[in-house]
>>> print(open('entry-v1.txt').read())   # compact mmCIF, C-alpha atoms
# COMPACT_ATOMS: atom_id res chain seq x y z
CA MET N 258 44.59 -10.89 14.61
CA ALA N 259 43.15 -7.75 16.19
CA ALA N 260 42.20 -6.51 12.72
CA ALA N 261 40.43 -9.77 11.99
CA VAL N 262 38.37 -9.45 15.16
CA ALA N 263 37.40 -5.93 14.22
CA VAL N 264 35.86 -6.99 10.89
CA PRO N 265 33.64 -9.97 11.65
CA LEU N 266 31.15 -8.80 9.01
CA ALA N 267 33.69 -8.16 6.27
CA GLY N 268 32.03 -10.56 3.86
CA CYS N 269 28.73 -8.67 4.00
CA LEU N 270 29.86 -5.07 4.01
CA PRO N 271 30.91 -2.69 1.28
CA GLY N 272 33.70 -1.27 3.44
CA PRO N 273 35.82 -3.62 5.55
CA ARG N 274 36.50 -1.00 8.24
CA ARG N 275 32.91 -0.28 9.23
CA LYS N 276 32.84 -2.42 12.32
CA ALA N 277 29.79 -0.68 13.77
CA ALA N 278 27.80 -0.71 10.54
CA ARG N 279 24.44 -2.41 10.61
CA ILE N 280 23.58 -3.38 7.12
CA VAL N 281 20.44 -4.65 5.49
CA ASP N 282 20.93 -6.40 2.15
CA ALA N 283 18.68 -8.25 -0.28
CA ALA N 284 18.98 -11.49 1.71
CA CYS N 285 17.80 -9.71 4.85
CA VAL N 286 14.87 -8.12 2.97
CA ARG N 287 13.91 -11.56 1.64
CA SER N 288 14.09 -13.01 5.12
CA TRP N 289 11.92 -10.14 6.44
CA LEU N 290 9.28 -10.79 3.77
CA GLY N 291 9.45 -14.48 4.66
CA VAL N 292 8.90 -13.80 8.36
CA VAL N 293 5.95 -11.52 7.52
CA ALA N 294 4.44 -14.28 5.36
CA THR N 295 4.85 -16.87 8.12
CA ARG N 296 3.39 -14.59 10.77
CA LEU N 297 0.48 -13.61 8.53
CA GLU N 298 -0.30 -17.26 8.02
CA ALA N 299 -0.37 -17.77 11.79
CA GLU N 300 -2.39 -14.60 12.43
CA ARG N 301 -4.73 -14.86 9.45
CA ASP N 302 -7.80 -15.88 11.44
CA PHE N 303 -7.09 -13.36 14.20
CA LEU N 304 -6.84 -10.50 11.68
CA THR N 305 -10.04 -11.64 10.03
CA GLN N 306 -11.81 -11.75 13.41
CA LEU N 307 -10.71 -8.20 14.14
CA ASP N 308 -11.98 -7.15 10.72
CA ALA N 309 -15.26 -9.01 11.22
CA ALA N 310 -15.99 -6.79 14.23
CA ILE N 311 -15.66 -3.45 12.40
CA GLY N 312 -15.11 -4.19 8.72
CA ASP N 313 -15.83 -6.81 6.10
CA ALA N 314 -13.99 -9.78 7.61
CA ASP N 315 -11.42 -10.17 4.86
CA HIS N 316 -8.23 -8.58 6.20
CA GLY N 317 -6.53 -11.80 7.30
CA VAL N 318 -7.44 -13.61 4.11
CA ASN N 319 -6.41 -10.64 1.95
CA MET N 320 -3.05 -10.13 3.65
CA HIS N 321 -2.30 -13.82 3.53
CA ARG N 322 -3.25 -14.09 -0.14
CA GLY N 323 -1.19 -11.00 -0.98
CA PHE N 324 1.88 -12.20 0.83
CA THR N 325 1.65 -15.69 -0.62
CA ALA N 326 1.74 -14.08 -4.06
CA VAL N 327 4.59 -11.78 -2.98
CA MET N 328 6.68 -14.73 -1.80
CA ALA N 329 6.08 -16.60 -5.07
CA ARG N 330 7.03 -13.61 -7.19
CA VAL N 331 10.01 -12.55 -5.08
CA GLY N 332 11.19 -16.16 -4.81
CA ALA N 333 11.38 -16.34 -8.59
CA MET N 334 13.71 -13.29 -8.74
CA GLU N 335 17.27 -14.55 -8.63
CA GLU N 336 19.27 -11.34 -8.64
CA ALA N 337 17.52 -8.32 -7.20
CA THR N 338 18.36 -5.28 -5.11
CA PRO N 339 16.37 -4.59 -1.93
CA GLY N 340 14.59 -1.78 -3.80
CA GLN N 341 13.58 -4.09 -6.64
CA LEU N 342 12.32 -6.69 -4.17
CA LEU N 343 10.13 -4.17 -2.37
CA LYS N 344 8.79 -2.65 -5.58
CA THR N 345 7.88 -6.11 -6.82
CA ALA N 346 6.18 -6.80 -3.49
CA GLY N 347 4.22 -3.55 -3.85
CA ARG N 348 3.06 -4.24 -7.38
CA THR N 349 2.10 -7.79 -6.47
CA PHE N 350 0.09 -6.54 -3.51
CA VAL N 351 -1.74 -3.97 -5.60
CA SER N 352 -2.85 -6.54 -8.15
CA THR N 353 -3.66 -9.44 -5.82
CA VAL N 354 -5.32 -7.75 -2.85
CA GLY N 355 -8.74 -6.37 -3.72
CA GLY N 356 -9.50 -4.59 -0.45
CA ALA N 357 -8.06 -1.34 0.86
CA ALA N 358 -4.96 -3.22 2.02
CA GLY N 359 -3.97 -3.67 -1.65
CA PRO N 360 -3.42 -0.02 -2.58
CA LEU N 361 -2.29 0.96 0.94
CA TYR N 362 0.35 -1.70 1.60
CA GLY N 363 1.13 -1.68 -2.12
CA THR N 364 1.97 2.02 -1.87
CA ALA N 365 3.98 1.47 1.31
CA PHE N 366 6.18 -1.16 -0.36
CA LEU N 367 6.47 0.73 -3.64
CA GLN N 368 7.52 3.94 -1.91
CA ALA N 369 10.02 2.15 0.32
CA GLY N 370 11.48 0.47 -2.77
CA GLU N 371 11.73 3.82 -4.57
CA ALA N 372 13.47 5.40 -1.58
CA LEU N 373 16.10 2.66 -1.50
CA GLY N 374 17.01 3.28 -5.13
CA ASP N 375 19.67 0.96 -6.55
CA ALA N 376 21.46 0.36 -3.25
CA ALA N 377 22.69 -3.22 -2.89
CA SER N 378 22.55 -2.79 0.87
CA PHE N 379 21.62 -0.03 3.27
CA GLY N 380 21.97 1.13 6.83
CA PRO N 381 19.49 2.57 9.31
CA ARG N 382 19.53 6.08 7.76
CA LEU N 383 18.28 4.88 4.41
CA LEU N 384 15.82 2.58 6.14
CA LEU N 385 14.47 5.62 7.96
CA ASP N 386 14.03 7.37 4.59
CA ALA N 387 12.22 4.31 3.26
CA LEU N 388 9.88 4.18 6.26
CA ARG N 389 9.15 7.88 5.90
CA ALA N 390 8.40 7.46 2.19
CA SER N 391 6.04 4.59 3.06
CA LEU N 392 4.11 6.66 5.59
CA GLU N 393 3.86 9.61 3.22
CA GLY N 394 2.61 7.35 0.43
CA VAL N 395 0.02 5.70 2.65
CA GLN N 396 -1.22 9.07 3.87
CA ARG N 397 -1.37 10.47 0.34
CA VAL N 398 -3.45 7.57 -0.96
CA GLY N 399 -5.55 6.97 2.16
CA ALA N 400 -5.71 10.53 3.51
CA ALA N 401 -5.61 9.19 7.08
CA ALA N 402 -4.03 10.93 10.06
CA VAL N 403 -2.95 9.57 13.43
CA GLY N 404 -6.06 8.88 15.53
CA ASP N 405 -8.28 7.85 12.61
CA LYS N 406 -8.02 4.18 13.69
CA THR N 407 -6.01 2.92 10.72
CA MET N 408 -2.61 1.41 9.92
CA VAL N 409 -1.20 4.95 10.24
CA ASP N 410 -1.71 4.65 14.01
CA ALA N 411 0.98 1.93 14.05
CA LEU N 412 3.17 3.15 11.18
CA SER N 413 3.54 6.74 12.30
CA PRO N 414 4.73 6.06 15.89
CA ALA N 415 7.00 3.28 14.61
CA LEU N 416 8.70 5.76 12.29
CA GLY N 417 8.96 8.28 15.13
CA ALA N 418 10.52 5.75 17.50
CA PHE N 419 12.94 4.54 14.83
CA GLU N 420 14.11 8.08 14.15
CA LEU N 421 14.39 8.98 17.83
CA GLU N 422 16.49 5.90 18.53
CA LEU N 423 18.88 6.78 15.71
CA ARG N 424 19.17 10.36 16.93
CA MET N 425 20.12 9.06 20.34
CA GLY N 426 22.92 7.05 18.79
CA GLY N 427 21.10 3.73 18.58
CA SER N 428 21.84 0.95 16.13
CA LEU N 429 19.75 -0.75 13.48
CA GLU N 430 18.76 -3.35 16.06
CA THR N 431 17.71 -0.92 18.78
CA ALA N 432 15.91 1.27 16.24
CA THR N 433 13.92 -1.63 14.78
CA SER N 434 13.22 -2.82 18.31
CA GLY N 435 11.94 0.64 19.28
CA ALA N 436 9.83 0.74 16.11
CA ARG N 437 8.31 -2.67 16.90
CA GLU N 438 7.40 -1.53 20.40
CA ALA N 439 5.90 1.78 19.24
CA ALA N 440 3.91 0.07 16.49
CA ALA N 441 2.46 -2.40 18.99
CA GLU N 442 1.62 0.42 21.37
CA GLY N 443 -0.02 2.38 18.55
CA MET N 444 -1.96 -0.73 17.59
CA ARG N 445 -3.29 -1.19 21.13
CA ALA N 446 -4.14 2.51 21.30
CA THR N 447 -6.60 2.07 18.39
CA VAL N 448 -8.99 0.12 20.66
CA PRO N 449 -10.76 3.12 22.27
CA LEU N 450 -10.74 5.19 19.06
CA GLN N 451 -13.72 5.86 16.84
CA ALA N 452 -12.83 5.12 13.21
CA ARG N 453 -12.75 8.09 10.85
CA LYS N 454 -11.44 6.30 7.76
CA GLY N 455 -12.23 3.08 5.98
CA ARG N 456 -15.24 0.86 6.25
CA ALA N 457 -15.13 0.94 10.06
CA SER N 458 -15.99 4.65 9.92
CA TYR N 459 -19.47 3.75 8.62
CA LEU N 460 -20.09 2.20 12.05
CA GLY N 461 -19.49 5.49 13.86
CA PRO N 462 -19.38 5.05 17.65
CA ARG N 463 -19.85 1.28 17.29
CA SER N 464 -16.24 1.05 16.08
CA VAL N 465 -15.06 2.00 19.59
CA GLY N 466 -13.69 -0.87 21.68
CA HIS N 467 -12.19 -2.85 18.81
CA GLN N 468 -8.56 -3.07 17.77
CA ASP N 469 -7.94 -1.89 14.22
CA PRO N 470 -6.97 -4.76 11.88
CA GLY N 471 -4.75 -2.56 9.67
CA ALA N 472 -2.78 -1.25 12.64
CA THR N 473 -2.45 -4.88 13.78
CA SER N 474 -0.98 -6.10 10.48
CA THR N 475 1.38 -3.11 10.43
CA ALA N 476 2.59 -3.93 13.95
CA LEU N 477 3.14 -7.50 12.76
CA MET N 478 5.40 -6.23 9.97
CA PHE N 479 7.56 -4.28 12.41
CA ALA N 480 7.83 -7.29 14.71
CA ALA N 481 8.93 -9.31 11.68
CA LEU N 482 11.45 -6.62 10.71
CA GLU N 483 13.06 -6.78 14.14
CA GLN N 484 13.13 -10.56 14.00
CA ALA N 485 14.73 -10.57 10.54
CA VAL N 486 17.32 -7.95 11.43
CA VAL N 487 18.32 -9.63 14.68
CA ALA N 488 18.43 -13.12 13.12
CA ASP N 489 20.46 -11.78 10.20
CA ARG N 490 22.86 -10.16 12.62
CA SER N 491 23.38 -13.24 14.75
CA GLN N 492 23.88 -15.40 11.65
CA ARG N 493 26.59 -13.06 10.47
CA PHE N 494 28.26 -13.15 13.86
CA ALA N 495 28.19 -16.91 13.74
CA ALA N 496 29.63 -16.90 10.21
CA GLY N 497 32.29 -14.42 11.30
CA ALA N 498 33.15 -16.56 14.32
CA ARG N 499 33.48 -19.61 12.08
CA ARG N 500 35.76 -17.70 9.73
CA ARG N 501 37.85 -16.49 12.63
CA GLY N 502 37.93 -19.97 14.06
CA SER N 503 39.10 -21.55 10.80
CA GLY N 504 41.69 -18.79 10.33
CA THR N 505 43.57 -19.59 13.54
CA MET C 208 -11.72 14.21 -29.17
CA SER C 209 -13.47 14.20 -25.84
CA VAL C 210 -12.88 13.59 -22.17
CA GLY C 211 -12.68 9.84 -21.44
CA LEU C 212 -14.33 8.07 -18.52
CA VAL C 213 -13.30 5.14 -16.34
CA VAL C 214 -15.82 3.35 -14.13
CA VAL C 215 -14.28 1.69 -11.07
CA SER C 216 -16.34 -0.63 -8.90
CA HIS C 217 -15.66 -3.48 -6.51
CA SER C 218 -17.81 -5.56 -8.84
CA ALA C 219 -16.77 -6.20 -12.46
CA LYS C 220 -20.44 -6.57 -13.35
CA VAL C 221 -21.36 -3.20 -11.85
CA ALA C 222 -18.52 -1.49 -13.73
CA GLU C 223 -19.48 -3.14 -17.02
CA GLY C 224 -23.15 -2.38 -16.49
CA VAL C 225 -22.50 1.29 -15.81
CA VAL C 226 -20.29 1.52 -18.88
CA GLU C 227 -23.12 -0.03 -20.91
CA MET C 228 -25.65 2.48 -19.54
CA ALA C 229 -23.45 5.54 -19.96
CA GLY C 230 -22.24 4.41 -23.37
CA GLN C 231 -25.76 4.24 -24.69
CA MET C 232 -26.17 7.95 -23.92
CA ALA C 233 -22.86 8.94 -25.49
CA PRO C 234 -21.73 6.63 -28.29
CA GLY C 235 -18.58 8.59 -29.24
CA VAL C 236 -17.08 8.80 -25.74
CA ARG C 237 -14.34 6.43 -24.58
CA ILE C 238 -15.68 4.74 -21.45
CA GLN C 239 -13.69 1.96 -19.83
CA ALA C 240 -14.69 -0.46 -17.07
CA ALA C 241 -12.20 -1.36 -14.33
CA GLY C 242 -14.12 -3.45 -11.85
CA GLY C 243 -13.34 -6.38 -9.60
CA ALA C 244 -10.06 -7.85 -8.36
CA ASP C 245 -7.63 -9.50 -10.76
CA ASP C 246 -9.00 -12.95 -9.92
CA GLY C 247 -12.50 -11.82 -10.88
CA GLY C 248 -13.69 -11.56 -7.27
CA ILE C 249 -14.97 -8.52 -5.40
CA GLY C 250 -12.27 -5.87 -5.08
CA THR C 251 -10.31 -3.31 -7.05
CA ASP C 252 -6.94 -3.40 -8.80
CA ALA C 253 -4.87 -0.25 -9.30
CA THR C 254 -2.92 -1.68 -12.23
CA MET C 255 -6.17 -2.57 -14.02
CA ILE C 256 -7.47 0.95 -13.36
CA ALA C 257 -4.25 2.46 -14.73
CA GLU C 258 -4.64 0.48 -17.95
CA ALA C 259 -8.26 1.63 -18.24
CA ILE C 260 -7.26 5.28 -17.72
CA THR C 261 -4.60 4.95 -20.43
CA ALA C 262 -7.12 3.37 -22.80
CA ALA C 263 -9.72 6.08 -22.08
CA ASP C 264 -7.33 8.97 -22.66
CA ASP C 265 -7.08 10.59 -26.05
CA GLY C 266 -5.49 13.81 -24.84
CA ASP C 267 -8.46 15.68 -23.37
CA GLY C 268 -8.24 14.07 -19.94
CA VAL C 269 -9.95 11.27 -18.03
CA LEU C 270 -12.56 11.40 -15.29
CA VAL C 271 -12.67 8.37 -12.97
CA LEU C 272 -15.93 7.40 -11.29
CA ALA C 273 -15.26 5.16 -8.28
CA ASP C 274 -17.65 3.49 -5.84
CA LEU C 275 -16.41 3.16 -2.24
CA GLY C 276 -13.38 2.77 -0.03
CA SER C 277 -10.61 0.89 -1.75
CA ALA C 278 -12.01 1.76 -5.17
CA VAL C 279 -11.08 5.38 -4.45
CA LEU C 280 -7.72 4.36 -2.93
CA SER C 281 -6.86 2.15 -5.90
CA ALA C 282 -7.87 4.86 -8.38
CA GLN C 283 -5.72 7.38 -6.52
CA LEU C 284 -2.77 4.98 -6.54
CA ALA C 285 -3.27 4.27 -10.24
CA ILE C 286 -3.09 8.00 -11.00
CA ASP C 287 -0.18 8.69 -8.62
CA GLU C 288 2.00 5.74 -9.53
CA PHE C 289 0.99 3.72 -12.56
CA VAL C 290 -0.11 5.97 -15.41
CA ASP C 291 2.37 7.88 -17.59
CA GLU C 292 3.45 11.29 -16.37
CA ASP C 293 1.60 13.19 -19.13
CA ILE C 294 -1.70 11.40 -18.44
CA ARG C 295 -1.31 11.88 -14.68
CA GLY C 296 -1.81 15.63 -15.05
CA ARG C 297 -5.15 15.22 -16.81
CA ALA C 298 -6.72 12.33 -14.86
CA ARG C 299 -8.83 12.86 -11.75
CA ILE C 300 -11.40 11.15 -9.53
CA ALA C 301 -14.92 12.57 -9.55
CA GLU C 302 -16.68 13.54 -6.33
CA ALA C 303 -19.79 11.81 -7.62
CA PRO C 304 -22.02 8.75 -7.37
CA VAL C 305 -20.96 6.10 -9.87
CA VAL C 306 -24.09 5.42 -11.90
CA GLU C 307 -25.60 8.89 -12.05
CA GLY C 308 -22.19 10.54 -12.28
CA ALA C 309 -21.08 8.33 -15.17
CA VAL C 310 -24.28 8.92 -17.15
CA PHE C 311 -24.22 12.71 -16.62
CA ALA C 312 -20.48 12.90 -17.33
CA ALA C 313 -20.82 10.85 -20.53
CA ILE C 314 -23.52 13.14 -21.88
CA GLN C 315 -21.42 16.20 -21.04
CA ALA C 316 -18.26 14.65 -22.51
CA ALA C 317 -20.07 13.88 -25.76
CA THR C 318 -20.52 17.62 -26.32
CA GLY C 319 -16.74 18.05 -26.37
CA SER C 320 -16.65 19.85 -23.00
CA SER C 321 -13.46 20.27 -20.98
CA LEU C 322 -12.41 18.01 -18.09
CA ASP C 323 -13.45 20.71 -15.59
CA GLU C 324 -16.93 20.91 -17.09
CA VAL C 325 -17.38 17.15 -17.22
CA ASP C 326 -16.13 16.87 -13.63
CA GLN C 327 -18.60 19.54 -12.46
CA THR C 328 -21.48 17.82 -14.24
CA ALA C 329 -20.66 14.53 -12.55
CA ARG C 330 -20.48 16.32 -9.21
CA ASP C 331 -23.93 17.83 -9.79
CA ALA C 332 -25.31 14.30 -10.11
CA ALA C 333 -24.74 13.89 -6.36
CA THR C 334 -27.47 16.40 -5.57
CA MET C 335 -29.91 15.39 -8.27
CA VAL C 336 -33.46 15.37 -6.91
CA LYS C 337 -35.26 12.10 -7.65
CA VAL C 338 -38.36 12.32 -5.51
CA LYS C 339 -39.92 15.77 -5.26
CA ASP C 340 -41.29 15.43 -1.75
CA GLY C 341 -38.80 12.75 -0.66
>>> encode(input="entry-v1.txt", output="C-alpha cells")
Amino acid sequence: MAAAVAVPLAGCLPGPRRKAARIVDAACVRSWLGVVATRLEAERDFLTQLDAAIGDADHGVNMHRGFTAVMARVGAMEEATPGQLLKTAGRTFVSTVGGAAGPLYGTAFLQAGEALGDAASFGPRLLLDALRASLEGVQRVGAAAVGDKTMVDALSPALGAFELELRMGGSLETATSGAREAAAEGMRATVPLQARKGRASYLGPRSVGHQDPGATSTALMFAALEQAVVADRSQRFAAGARRRGSGT
Amino acid sequence: MSVGLVVVSHSAKVAEGVVEMAGQMAPGVRIQAAGGADDGGIGTDATMIAEAITAADDGDGVLVLADLGSAVLSAQLAIDEFVDEDIRGRARIAEAPVVEGAVFAAIQAATGSSLDEVDQTARDAATMVKVKDG
C-alpha cells in the first residue's frame, strides 16, 4: 500500500519510482497551446489596442489568427511528440502570421521543438533547454536585447527566473510560476522604455509610456504554461487518487 | 550562371513590380518575388521566401532584398531555418533599399559577378544621389 501511495503518477511516467518527477507530455503541451489560444481570444482587442498606440494595430488579430491556425493543425495530428507539436506550431505561425510576430514566435516554437528532440515527455531541465533555445532563436532573428522594448523583455527574465528556481531545488510548478511572474514583471517594465526595435522604434521618444504588445503576449504564454502545468498536475493527482481508491 | 535575387516586400504587388523592373534590366538573371502573407494580405511569409530563395539559386548564391521590419525577420528566418544547408551558406540579405537595390543588383548580377560584388552594388544604391542640390 505504501508503494502505491508513492507512485500516484505511475501511469504518466516513464519510470514508476520517480515520485518527485514533474513531467510534461504531449497532452500537457496540447493543453498549454489550448490555454494560450483561449487567452489570446480573450485578450485580442487589448493586444491590438496596445499595438495601436505604438505599432500598426494588428498584434491581437495576428496572434489570434496564428493560434487559431495552430490549434486546427495541431488538433489534426493524432500521434505526435511534444517536439513535433511545437515545430508544427512554429511552422504554422510563420506561414499564417504576416507581421513580425510570425517569424519571431515561429522561431521560438521551432527552436523549442528542436530542443525537445524525440522525447515523449520531459522534465523541467529539458524545458529550460527549450526556453533557452527559444530566446536564442528570437534574438538571432530579431537582434533584440533586454531593454529594447520587445518580447525579449518578458522572455529573458522568465528564462532567468525558471533557471534560478530549478537551481534552488524548485519543481516544475514553482519554476513555471516564477517564470510567469518574471515575464509579467518584464512586461510591465517595458512601459517607461523607449523602443529600439520593431515598428515602435520609428516613434522614438513617443514610444515611452506604453506597454509593449510583444512582451504582453509573451507574458500571456507563460501564464498559460503555468495554468496548463498546474491543471495537468492536479488532474493526475485526481486520477491517481481514483486509482488508489478503486484499488482498496 | 549568375547570382539570383529575391525581392521580399509586405505587399505582393510591390514585390512583383520590383521583379518586373529589375528583370527588364537583366533578362538572364533569376529574380523571384516573395511578397505578401500567405492569404494574399499585407505581410511576409518565411516559408514563401525560402521557396523563392531555392528557386533563385543556381549555385552562385542569392541576394535577398527586403523592405522593412518583419520582411527582414522573415528573410533571416528563411535563411536560418528553411532553406537547404548548402544554399544557406550562399544566401544573404542586402543592406539596401528594395527598388534601387534590386535594379542595381540585377544589372551587376547579369555581368556574372560574384555574390560579394552584387551585394556591394546593392549596398551602394542606398547612397545614390538623386537630386544634386537636394
>>> interface_residues(input="entry-v1.txt", of="chain N", to="chain C", cutoff="6 Å", atoms="only C-alpha atoms", output="PyMOL selection string")
chain N and resi 352+355-357+360+398
>>> residues_around(input="entry-v1.txt", residues="Ala241 in chain C", least_positions_apart="2", cutoff="8 Å", atoms="only C-alpha atoms", output="VMD selection string")
chain C and resid 213 to 216 219 222 to 223 239 243 251 to 252 255 to 256 259
>>> closest_residue(input="entry-v1.txt", among="N:Ala377, N:Leu477, N:Ala411, N:Ala488", to="Ala299 in chain N", atoms="all atoms listed in the file")
N:Leu477
>>> atom_distance(input="entry-v1.txt", atom1="CA of Ser288 in chain N", atom2="CA of Ala481 in chain N")
9.1 Å
>>> residues_near_point(input="entry-v1.txt", point="(6.2, 5.6, 13.2)", cutoff="9 Å", atoms="all atoms listed in the file", output="ChimeraX atom specification")
/N:388-389,392,409-420,436,439-440,443
>>> atom_distance(input="entry-v1.txt", atom1="CA of Gln492 in chain N", atom2="CA of Trp289 in chain N")
14.1 Å
>>> residues_around(input="entry-v1.txt", residues="range 315-328 of chain N", least_positions_apart="6", cutoff="7 Å", atoms="all atoms listed in the file", output="list in words")
Ala294, Leu297, Glu298, Arg301, Asp302, Leu304, Thr305, Asp308, Ala346, Thr349, Phe350, Thr353, Val354 and Pro470 of chain N
>>> residues_near_point(input="entry-v1.txt", point="(-7.1, -2.5, 23.5)", cutoff="12 Å", atoms="all atoms listed in the file", output="mmCIF file with C-alpha atoms, in the coordinates of the input")
data_model
loop_
_atom_site.group_PDB
_atom_site.id
_atom_site.type_symbol
_atom_site.label_atom_id
_atom_site.label_comp_id
_atom_site.auth_asym_id
_atom_site.auth_seq_id
_atom_site.Cartn_x
_atom_site.Cartn_y
_atom_site.Cartn_z
ATOM 1 C CA LEU N 307 -10.710 -8.200 14.140
ATOM 2 C CA LYS N 406 -8.020 4.180 13.690
ATOM 3 C CA ALA N 441 2.460 -2.400 18.990
ATOM 4 C CA GLU N 442 1.620 0.420 21.370
ATOM 5 C CA GLY N 443 -0.020 2.380 18.550
ATOM 6 C CA MET N 444 -1.960 -0.730 17.590
ATOM 7 C CA ARG N 445 -3.290 -1.190 21.130
ATOM 8 C CA ALA N 446 -4.140 2.510 21.300
ATOM 9 C CA THR N 447 -6.600 2.070 18.390
ATOM 10 C CA VAL N 448 -8.990 0.120 20.660
ATOM 11 C CA PRO N 449 -10.760 3.120 22.270
ATOM 12 C CA LEU N 450 -10.740 5.190 19.060
ATOM 13 C CA VAL N 465 -15.060 2.000 19.590
ATOM 14 C CA GLY N 466 -13.690 -0.870 21.680
ATOM 15 C CA HIS N 467 -12.190 -2.850 18.810
ATOM 16 C CA GLN N 468 -8.560 -3.070 17.770
ATOM 17 C CA ASP N 469 -7.940 -1.890 14.220
ATOM 18 C CA PRO N 470 -6.970 -4.760 11.880
ATOM 19 C CA ALA N 472 -2.780 -1.250 12.640
ATOM 20 C CA THR N 473 -2.450 -4.880 13.780
#
>>> closest_residue(input="entry-v1.txt", among="C:Ala263, C:Val310, C:Leu270, C:Ala257", to="Val290 in chain C", atoms="all atoms listed in the file")
C:Ala257
>>> closest_residue(input="entry-v1.txt", among="C:Val325, C:Ala332, C:Ala240, C:Ile294", to="Val221 in chain C", atoms="all atoms listed in the file")
C:Ala240
>>> closest_residue(input="entry-v1.txt", among="N:Ala480, N:Ala309, N:Leu421, N:Ala337", to="Ala376 in chain N", atoms="only C-alpha atoms")
N:Ala337
>>> atom_distance(input="entry-v1.txt", atom1="CA of Gly235 in chain C", atom2="CA of Ala317 in chain C")
6.5 Å
>>> residues_around(input="entry-v1.txt", residues="Gln327 in chain C", least_positions_apart="4", cutoff="9 Å", atoms="only C-alpha atoms", output="VMD selection string")
chain C and resid 301 to 302 312 322 to 323 331 to 332
>>> closest_residue(input="entry-v1.txt", among="C:Ile314, C:Ala329, C:Ile260, C:Ala309", to="Arg295 in chain C", atoms="all atoms listed in the file")
C:Ile260
>>> closest_residue(input="entry-v1.txt", among="C:Val225, C:Met208, C:Val305, C:Ala298", to="Leu272 in chain C", atoms="all atoms listed in the file")
C:Val305
>>> closest_atom_pairs(input="entry-v1.txt", of="range 316-369 of chain N", to="range 378-386 of chain N", cutoff="9 Å", atoms="only C-alpha atoms", output="CSV")
residue,atom,partner,partner_atom,distance
N:Thr338,CA,N:Ser378,CA,7.7
N:Pro339,CA,N:Ser378,CA,7.0
N:Ala369,CA,N:Asp386,CA,7.8
>>> write_last_selection(input="entry-v1.txt", atoms="C-alpha atoms", output="PDB file, keeping the file's coordinate frame")
ATOM      1  CA  THR N 338      18.360  -5.280  -5.110  1.00  0.00           C
ATOM      2  CA  PRO N 339      16.370  -4.590  -1.930  1.00  0.00           C
ATOM      3  CA  ALA N 369      10.020   2.150   0.320  1.00  0.00           C
TER       4      ALA N 369
END
>>> decode(input="entry-v1.txt", residues="range 210-255 of chain C", atoms="C-alpha atoms", output="PDB file, in the first residue's frame")
ATOM      1  CA  VAL C 210      23.771  35.368 -58.648  1.00  0.00           C
ATOM      2  CA  GLY C 211      19.987  35.100 -58.122  1.00  0.00           C
ATOM      3  CA  LEU C 212      17.800  37.723 -56.477  1.00  0.00           C
ATOM      4  CA  VAL C 213      14.741  37.523 -54.232  1.00  0.00           C
ATOM      5  CA  VAL C 214      12.542  40.556 -53.633  1.00  0.00           C
ATOM      6  CA  VAL C 215      10.690  40.482 -50.304  1.00  0.00           C
ATOM      7  CA  SER C 216       8.005  43.040 -49.541  1.00  0.00           C
ATOM      8  CA  HIS C 217       4.974  43.248 -47.281  1.00  0.00           C
ATOM      9  CA  SER C 218       3.000  43.760 -50.478  1.00  0.00           C
ATOM     10  CA  ALA C 219       2.821  41.057 -53.166  1.00  0.00           C
ATOM     11  CA  LYS C 220       2.266  43.780 -55.745  1.00  0.00           C
ATOM     12  CA  VAL C 221       5.379  45.696 -54.704  1.00  0.00           C
ATOM     13  CA  ALA C 222       7.490  42.528 -54.869  1.00  0.00           C
ATOM     14  CA  GLU C 223       6.130  41.598 -58.296  1.00  0.00           C
ATOM     15  CA  GLY C 224       6.552  45.139 -59.575  1.00  0.00           C
ATOM     16  CA  VAL C 225      10.164  45.332 -58.456  1.00  0.00           C
ATOM     17  CA  VAL C 226      10.884  41.967 -60.053  1.00  0.00           C
ATOM     18  CA  GLU C 227       9.353  43.280 -63.279  1.00  0.00           C
ATOM     19  CA  MET C 228      11.505  46.433 -63.177  1.00  0.00           C
ATOM     20  CA  ALA C 229      14.745  44.678 -62.304  1.00  0.00           C
ATOM     21  CA  GLY C 230      14.081  41.859 -64.749  1.00  0.00           C
ATOM     22  CA  GLN C 231      13.780  44.277 -67.624  1.00  0.00           C
ATOM     23  CA  MET C 232      17.346  45.435 -66.944  1.00  0.00           C
ATOM     24  CA  ALA C 233      18.750  41.924 -66.646  1.00  0.00           C
ATOM     25  CA  PRO C 234      16.845  39.326 -68.674  1.00  0.00           C
ATOM     26  CA  GLY C 235      19.130  36.364 -67.858  1.00  0.00           C
ATOM     27  CA  VAL C 236      19.082  36.756 -64.070  1.00  0.00           C
ATOM     28  CA  ARG C 237      16.812  34.642 -61.853  1.00  0.00           C
ATOM     29  CA  ILE C 238      14.704  37.101 -59.869  1.00  0.00           C
ATOM     30  CA  GLN C 239      11.929  35.817 -57.641  1.00  0.00           C
ATOM     31  CA  ALA C 240       9.163  37.723 -55.861  1.00  0.00           C
ATOM     32  CA  ALA C 241       8.168  36.750 -52.308  1.00  0.00           C
ATOM     33  CA  GLY C 242       5.684  39.364 -51.191  1.00  0.00           C
ATOM     34  CA  GLY C 243       2.601  39.413 -49.014  1.00  0.00           C
ATOM     35  CA  ALA C 244       1.268  36.976 -46.427  1.00  0.00           C
ATOM     36  CA  ASP C 245       0.071  33.515 -47.431  1.00  0.00           C
ATOM     37  CA  ASP C 246      -3.545  34.708 -47.554  1.00  0.00           C
ATOM     38  CA  GLY C 247      -2.590  37.424 -50.027  1.00  0.00           C
ATOM     39  CA  GLY C 248      -2.802  40.217 -47.446  1.00  0.00           C
ATOM     40  CA  ILE C 249      -0.087  42.584 -46.269  1.00  0.00           C
ATOM     41  CA  GLY C 250       2.711  40.701 -44.523  1.00  0.00           C
ATOM     42  CA  THR C 251       5.614  38.348 -45.151  1.00  0.00           C
ATOM     43  CA  ASP C 252       5.962  34.571 -45.043  1.00  0.00           C
ATOM     44  CA  ALA C 253       9.296  32.901 -44.298  1.00  0.00           C
ATOM     45  CA  THR C 254       8.341  29.636 -45.990  1.00  0.00           C
ATOM     46  CA  MET C 255       7.399  31.508 -49.179  1.00  0.00           C
TER      47      MET C 255
END
